[in-house]
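Asks: I am sharing model_26.cif, which consists of mmCIF, C-alpha atoms:
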```cif
data_work
#
loop_
_atom_site.label_atom_id
_atom_site.label_comp_id
_atom_site.auth_asym_id
_atom_site.auth_seq_id
_atom_site.Cartn_x
_atom_site.Cartn_y
_atom_site.Cartn_z
CA MET A 1020 33.78 13.55 13.90
CA ALA A 1021 33.07 9.87 13.42
CA ARG A 1022 30.33 8.85 11.02
CA GLN A 1023 27.37 7.37 12.87
CA THR A 1024 25.93 4.18 11.50
CA GLN A 1025 22.17 3.99 11.27
CA GLN A 1026 20.39 0.69 11.14
CA THR A 1027 18.64 0.05 7.83
CA ARG A 1028 15.07 -1.24 7.83
CA GLN A 1029 13.71 -3.85 5.45
CA PRO A 1030 13.39 -2.63 1.86
CA ILE A 1031 9.90 -1.47 0.92
CA THR A 1032 8.31 -1.24 -2.51
CA ALA A 1033 6.12 1.79 -3.17
CA THR A 1034 4.94 4.22 -5.84
CA VAL A 1035 6.62 7.62 -5.97
CA GLU A 1036 4.09 10.38 -5.22
CA ALA A 1037 6.43 13.37 -5.59
CA VAL A 1038 10.12 14.02 -6.13
CA ASN A 1039 12.58 16.89 -5.73
CA GLU A 1040 16.36 17.28 -5.68
CA ARG A 1041 16.61 16.29 -2.00
CA GLY A 1042 14.26 13.33 -1.74
CA ILE A 1043 11.07 11.49 -2.64
CA LYS A 1044 7.55 11.24 -1.25
CA ILE A 1045 6.15 7.74 -0.77
CA GLY A 1046 3.24 6.64 1.37
CA GLY A 1047 2.33 10.26 2.11
CA THR A 1048 5.71 11.01 3.73
CA TRP A 1049 8.79 12.79 2.40
CA HIS A 1050 12.12 10.97 2.77
CA ASN A 1051 15.38 12.81 2.08
CA TYR A 1052 18.34 11.14 0.39
CA SER A 1053 21.12 10.23 2.81
CA ARG A 1054 24.53 11.69 2.01
CA TYR A 1055 26.06 8.47 3.34
CA ALA A 1056 24.31 6.28 0.75
CA ASP A 1057 27.51 5.70 -1.25
CA GLY A 1058 25.86 5.96 -4.68
CA ALA A 1059 23.13 3.39 -4.01
CA ILE A 1060 20.40 5.90 -4.85
CA ASP A 1061 18.96 6.12 -8.37
CA ARG A 1062 18.00 9.79 -8.48
CA THR A 1063 16.19 9.45 -11.81
CA ALA A 1064 12.96 8.29 -10.14
CA GLN A 1065 9.87 10.15 -11.36
CA VAL A 1066 6.31 10.47 -10.09
CA GLY A 1067 4.42 7.22 -10.71
CA ASP A 1068 7.53 5.01 -10.78
CA THR A 1069 7.50 1.91 -8.60
CA VAL A 1070 10.65 1.89 -6.47
CA GLN A 1071 12.30 -0.31 -3.88
CA VAL A 1072 13.60 1.82 -1.02
CA GLU A 1073 15.75 1.08 2.00
CA LEU A 1074 15.21 3.62 4.76
CA THR A 1075 17.28 4.21 7.87
CA SER A 1076 15.58 3.97 11.25
CA THR A 1077 15.14 7.75 11.13
CA GLY A 1078 13.57 7.74 7.65
CA TRP A 1079 16.51 8.73 5.41
CA VAL A 1080 16.75 7.03 2.01
CA ARG A 1081 19.80 4.75 2.18
CA ALA A 1082 19.17 2.96 -1.14
CA LEU A 1083 16.69 3.43 -3.96
CA ARG A 1084 16.19 1.20 -6.99
CA ILE A 1085 13.56 1.70 -9.69
CA VAL A 1086 11.50 -1.47 -10.08
CA GLN A 1087 9.18 -0.23 -12.84
CA ARG A 1088 8.94 3.05 -14.67
CA ALA A 1089 5.58 4.80 -14.93
CA ALA A 1090 3.93 4.34 -18.32
CA GLN A 1091 4.43 7.41 -20.49
CA GLN A 1092 1.84 8.77 -22.89
CA ASN A 1093 2.63 11.83 -25.05
CA GLY A 1094 5.35 12.86 -22.62
CA GLN A 1095 3.03 12.68 -19.61
CA ALA A 1096 2.28 9.94 -17.13
CA ALA A 1097 -0.55 7.69 -18.22
CA PRO A 1098 -3.77 7.53 -16.17
CA SER A 1099 -3.53 5.09 -13.28
CA ALA A 1100 -6.68 3.15 -14.22
CA ALA A 1101 -7.54 1.91 -17.69
CA GLY A 1102 -10.57 3.57 -19.24
CA VAL A 1103 -10.65 6.46 -16.78
CA SER A 1104 -11.13 9.78 -18.51
CA ALA A 1105 -9.41 12.88 -17.18
CA ALA A 1106 -12.42 15.05 -18.08
CA PRO A 1107 -15.32 14.92 -15.65
CA ARG A 1108 -18.54 13.42 -16.94
CA ALA A 1109 -21.41 15.83 -17.43
CA LEU A 1110 -24.38 15.08 -15.18
CA ASP A 1111 -27.97 15.75 -16.07
CA ALA A 1112 -30.26 17.44 -13.52
CA GLU A 1113 -31.60 14.19 -12.07
CA GLN A 1114 -28.13 12.65 -11.65
CA TYR A 1115 -26.87 15.82 -10.01
CA ALA A 1116 -29.85 15.86 -7.66
CA ARG A 1117 -29.20 12.23 -6.64
CA LEU A 1118 -25.50 12.87 -6.13
CA ARG A 1119 -26.20 15.96 -4.04
CA ALA A 1120 -28.85 14.07 -2.04
CA VAL A 1121 -26.40 11.28 -1.18
CA GLU A 1122 -23.79 13.88 -0.22
CA ILE A 1123 -26.26 15.59 2.14
CA ALA A 1124 -27.71 12.37 3.59
CA SER A 1125 -24.45 10.52 4.20
CA PRO A 1126 -23.34 12.21 7.45
CA VAL A 1127 -26.86 11.98 8.88
CA ALA A 1128 -27.12 8.27 8.08
CA ALA A 1129 -23.64 7.64 9.53
CA GLN A 1130 -24.61 9.35 12.79
CA TYR A 1131 -27.71 7.23 13.40
CA ALA A 1132 -26.81 3.83 11.92
CA GLN A 1133 -25.59 1.00 14.14
CA SER A 1134 -24.33 -1.25 11.31
CA ALA A 1135 -23.30 -1.04 7.66
CA GLY A 1136 -26.62 -2.47 6.49
CA GLU A 1137 -28.59 0.00 8.59
CA TYR A 1138 -26.39 2.82 7.26
CA LEU A 1139 -27.17 1.85 3.65
CA GLN A 1140 -30.91 1.59 4.34
CA THR A 1141 -30.99 4.94 6.11
CA LEU A 1142 -28.86 6.55 3.41
CA ALA A 1143 -31.14 5.24 0.63
CA ALA A 1144 -34.30 6.47 2.37
CA LEU A 1145 -32.88 9.91 3.12
CA ALA A 1146 -31.31 10.30 -0.33
CA ASN A 1147 -34.58 9.33 -2.04
CA TRP A 1148 -36.52 11.87 0.01
CA ILE A 1149 -33.94 14.65 -0.57
CA ALA A 1150 -33.72 13.91 -4.32
CA LEU A 1151 -37.52 14.09 -4.52
CA TYR A 1152 -37.44 17.38 -2.64
CA ILE A 1153 -34.77 18.80 -4.99
CA THR A 1154 -36.48 17.73 -8.22
CA GLU A 1155 -40.21 18.12 -7.37
CA GLY A 1156 -40.39 20.46 -4.39
CA ASP A 1157 -41.51 19.72 -0.86
CA PRO A 1158 -43.25 16.28 -0.86
CA LEU A 1159 -45.16 17.14 2.33
CA GLU A 1160 -46.88 20.07 0.63
CA ASN A 1161 -47.85 17.97 -2.41
CA GLY A 1162 -49.76 15.37 -0.32
CA ARG A 1163 -47.28 12.50 -0.58
#
```
Take the structure in the file and give it back as structure tokens.

Replies:
Amino acid sequence: MARQTQQTRQPITATVEAVNERGIKIGGTWHNYSRYADGAIDRTAQVGDTVQVELTSTGWVRALRIVQRAAQQNGQAAPSAAGVSAAPRALDAEQYARLRAVEIASPVAAQYAQSAGEYLQTLAALANWIALYITEGDPLENGR
């Protein structure tokens, strides 16, 4: 059987999201290594590495070159943003109430707002009222 030639697209540069023995995941999509790549694939790519990839028209990896290795820290990949802690920050009761209020108010504000500015105004008003309700009880019963 004759080997079919597949047109190669322009090379793209992306960050590796996942890797296994058969391919890599970039841009949210898995791409398998082509067996017809003739050794042009660097299979040492790891998660977080920046790679330059040539894909066939059907999405197979025809060539892969590592542009930049992911920074390593104690044998593990370094955090993607400087100063970002892996441990979540502890919230006090008021901060938690505000966060929860914004979470509750956001879909309501999005449904009724006609513009981004109106969305932010509606969100702020609803979140303030909900946060007050969470922290101090029903504001309508307290005469506010």

Asks: Please determine, counting only C-alpha atoms, which residue among A:Ile1060, A:Val1086, A:Ala1116, A:Ala1128 has the shortest atom-to-atom distance to Ala1143 of chain A.

Replies: A:Ala1128

Asks: With the PyMOL selection byres ((chain A and resi 1073) around 6) as the selection, what would be picked from this file? Answer as a PDB file with C-alpha atoms, in the frame of the given file, please.

Replies:
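Contents of the output file result_39.pdb:
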```pdb
ATOM      1  CA  PRO A1030      13.390  -2.630   1.860  1.00  0.00           C
ATOM      2  CA  VAL A1072      13.600   1.820  -1.020  1.00  0.00           C
ATOM      3  CA  LEU A1074      15.210   3.620   4.760  1.00  0.00           C
ATOM      4  CA  ARG A1081      19.800   4.750   2.180  1.00  0.00           C
ATOM      5  CA  ALA A1082      19.170   2.960  -1.140  1.00  0.00           C
TER       6      ALA A1082
END
```

Asks: State, in Å with one decimal place, the distance from atom CA of Thr1034 of chain A to atom CA of Val1070 of chain A.

Replies: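 Separation of atom CA of Thr1034 of chain A and atom CA of Val1070 of chain A: 6.2 Å.
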
Asks: Which of these residues is nearest to Arg1084 of chain A, using all atoms listed in the file: A:Asn1039, A:Thr1032, A:Gln1130, A:Gln1114?

Replies: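 Among the listed residues, A:Thr1032 lies closest to Arg1084 of chain A.
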
Asks: Would you list the contacts of Val1066 of chain A as a PyMOL selection string, taking every protein, DNA or RNA residue within 10 Å and counting only C-alpha atoms, but skipping same-chain residues closer than 6 positions in sequence?

Replies: chain A and resi 1034-1039+1043-1045+1088-1089+1096

Asks: Just how far from atom CA of Ile1123 of chain A is atom CA of Leu1151 of chain A, in Å to one decimal?

Replies: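 Here the two named atoms are 13.2 Å from each other.
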
Asks: Tell me which protein, DNA and RNA residues are within 10 Å of Val1080 of chain A, counting only C-alpha atoms, leaving out same-chain ones fewer than 5 positions away, and put them as a compact mmCIF listing (two decimals) with C-alpha atoms, in the coordinates of the input.

Replies:
```
# COMPACT_ATOMS: atom_id res chain seq x y z
CA THR A 1027 18.64 0.05 7.83
CA GLY A 1042 14.26 13.33 -1.74
CA ILE A 1043 11.07 11.49 -2.64
CA TRP A 1049 8.79 12.79 2.40
CA HIS A 1050 12.12 10.97 2.77
CA ASN A 1051 15.38 12.81 2.08
CA TYR A 1052 18.34 11.14 0.39
CA SER A 1053 21.12 10.23 2.81
CA ARG A 1054 24.53 11.69 2.01
CA TYR A 1055 26.06 8.47 3.34
CA ALA A 1056 24.31 6.28 0.75
CA ALA A 1059 23.13 3.39 -4.01
CA ILE A 1060 20.40 5.90 -4.85
CA VAL A 1072 13.60 1.82 -1.02
CA GLU A 1073 15.75 1.08 2.00
CA LEU A 1074 15.21 3.62 4.76
CA THR A 1075 17.28 4.21 7.87
```

Asks: So that I can check the surroundings of Gln1087 of chain A, please list as a VMD selection string every protein, DNA and RNA residue that reaches within 10 Å of it, counting only C-alpha atoms and ignoring chain neighbours fewer than 5 positions away.

Replies: chain A and resid 1034 1064 1067 to 1071
